[in-house]
Amino acid sequence: MRFLTRFLDAHPVSADTKFKVKIFDSPKPRKVPKVVSETLKGAASAKAMSRMKKESVDCPVVGNEVAFLVCFACPSFLRRVTGVVDCAGGDGPPKEWLLG
């Protein structure tokens, strides 16, 4: 019981987290708009950006699969922890970021 108490104290669930979305490797990398790539240039290293371009999430706000970088730049994105994204479930990414 002591372990569980310490674990919950160290990993609190945010009250504004509406969805927990699992990240998965997509078989074919999804297209990421240049606007998103330019926005995230200073936020992550080139190696991390390259890896994240090959990942996707099933976005509960949009209703289908989107590239992880689009999710990362979305205003509803809260955090990424061990392959799971915490999402606030707000408006979602702009429509022009959602490429076919």
# chains A, B, ... in the order shown; residues from 1 in each chain; ligands from 1
call {"tool": "residues_around", "arguments": {"residues": "Cys74 (chain A)", "least_positions_apart": "3", "cutoff": "8 Å", "atoms": "only C-alpha atoms", "output": "ChimeraX atom specification"}}
result
/A:70-71,77,92-94
call {"tool": "write_last_selection", "arguments": {"atoms": "N, CA and C atoms", "output": "PDB file, in the first residue's frame"}}
result
ATOM      1  N   VAL A  70       1.464  16.467 -35.233  1.00  0.00           N
ATOM      2  CA  VAL A  70       0.268  17.307 -35.257  1.00  0.00           C
ATOM      3  C   VAL A  70      -0.357  17.320 -33.864  1.00  0.00           C
ATOM      4  N   CYS A  71      -0.395  16.165 -33.229  1.00  0.00           N
ATOM      5  CA  CYS A  71      -0.913  16.056 -31.855  1.00  0.00           C
ATOM      6  C   CYS A  71      -0.053  16.883 -30.901  1.00  0.00           C
ATOM      7  N   PHE A  77      -2.922  19.297 -26.433  1.00  0.00           N
ATOM      8  CA  PHE A  77      -1.848  18.431 -25.938  1.00  0.00           C
ATOM      9  C   PHE A  77      -1.378  18.917 -24.573  1.00  0.00           C
ATOM     10  N   GLY A  92      -8.980  20.984 -30.601  1.00  0.00           N
ATOM     11  CA  GLY A  92      -8.191  20.159 -31.503  1.00  0.00           C
ATOM     12  C   GLY A  92      -7.327  20.987 -32.422  1.00  0.00           C
ATOM     13  N   PRO A  93      -6.586  20.316 -33.305  1.00  0.00           N
ATOM     14  CA  PRO A  93      -5.689  21.038 -34.220  1.00  0.00           C
ATOM     15  C   PRO A  93      -6.481  21.773 -35.297  1.00  0.00           C
ATOM     16  N   PRO A  94      -5.895  22.837 -35.866  1.00  0.00           N
ATOM     17  CA  PRO A  94      -6.553  23.542 -36.974  1.00  0.00           C
ATOM     18  C   PRO A  94      -6.791  22.600 -38.162  1.00  0.00           C
TER      19      PRO A  94
END
call {"tool": "select_by_dssp", "arguments": {"residues": "region 40-90 of chain A", "states": "strand (DSSP E)", "output": "VMD selection string"}}
result
chain A and resid 55 to 58 65 to 67 77 to 81 84 to 87
call {"tool": "select_by_dssp", "arguments": {"residues": "region 11-74 of chain A", "states": "alpha helix (DSSP H)", "output": "PDB file with C-alpha atoms, in the first residue's frame"}}
result
ATOM      1  CA  LYS A  34       5.457  22.444 -42.963  1.00  0.00           C
ATOM      2  CA  VAL A  35       3.732  24.879 -40.578  1.00  0.00           C
ATOM      3  CA  VAL A  36       3.791  22.242 -37.839  1.00  0.00           C
ATOM      4  CA  SER A  37       7.417  21.272 -38.528  1.00  0.00           C
ATOM      5  CA  GLU A  38       8.514  24.920 -38.445  1.00  0.00           C
ATOM      6  CA  THR A  39       6.585  25.554 -35.233  1.00  0.00           C
ATOM      7  CA  ALA A  46      16.248  16.693 -35.258  1.00  0.00           C
ATOM      8  CA  LYS A  47      16.653  13.059 -34.221  1.00  0.00           C
ATOM      9  CA  ALA A  48      13.573  13.203 -31.978  1.00  0.00           C
ATOM     10  CA  MET A  49      11.552  14.960 -34.699  1.00  0.00           C
ATOM     11  CA  SER A  50      12.542  12.261 -37.192  1.00  0.00           C
ATOM     12  CA  ARG A  51      11.394   9.540 -34.788  1.00  0.00           C
ATOM     13  CA  MET A  52       8.136  11.340 -33.980  1.00  0.00           C
ATOM     14  CA  PHE A  68       2.029  12.538 -33.571  1.00  0.00           C
ATOM     15  CA  LEU A  69       3.696  15.852 -34.476  1.00  0.00           C
ATOM     16  CA  VAL A  70       0.268  17.307 -35.257  1.00  0.00           C
ATOM     17  CA  CYS A  71      -0.913  16.056 -31.855  1.00  0.00           C
ATOM     18  CA  PHE A  72       2.201  17.502 -30.195  1.00  0.00           C
ATOM     19  CA  ALA A  73       1.543  20.950 -31.703  1.00  0.00           C
TER      20      ALA A  73
END
call {"tool": "residues_around", "arguments": {"residues": "region 88-91 of chain A", "least_positions_apart": "4", "cutoff": "6 Å", "atoms": "only C-alpha atoms", "output": "PyMOL selection string"}}
result
chain A and resi 16-18+76
call {"tool": "residues_around", "arguments": {"residues": "Cys59 (chain A)", "least_positions_apart": "5", "cutoff": "8 Å", "atoms": "only C-alpha atoms", "output": "MDAnalysis selection string"}}
result
chainID A and resid 21 64:66 71
call {"tool": "residues_around", "arguments": {"residues": "Phe24 (chain A)", "least_positions_apart": "5", "cutoff": "9 Å", "atoms": "only C-alpha atoms", "output": "count of residues only"}}
result
7
call {"tool": "atom_distance", "arguments": {"atom1": "CA of Val84 (chain A)", "atom2": "CA of Lys20 (chain A)"}}
result
6.3 Å
call {"tool": "closest_residue", "arguments": {"among": "A:Glu96, A:Pro33, A:Arg80, A:Val85", "to": "Phe19 (chain A)", "atoms": "only C-alpha atoms"}}
result
A:Val85
call {"tool": "atom_distance", "arguments": {"atom1": "CA of Arg79 (chain A)", "atom2": "CA of Leu40 (chain A)"}}
result
14.8 Å
call {"tool": "closest_residue", "arguments": {"among": "A:Ala44, A:Ala67, A:Leu98, A:Val62", "to": "Lys28 (chain A)", "atoms": "only C-alpha atoms"}}
result
A:Ala67
call {"tool": "atom_distance", "arguments": {"atom1": "CA of Pro27 (chain A)", "atom2": "CA of Lys41 (chain A)"}}
result
24.3 Å
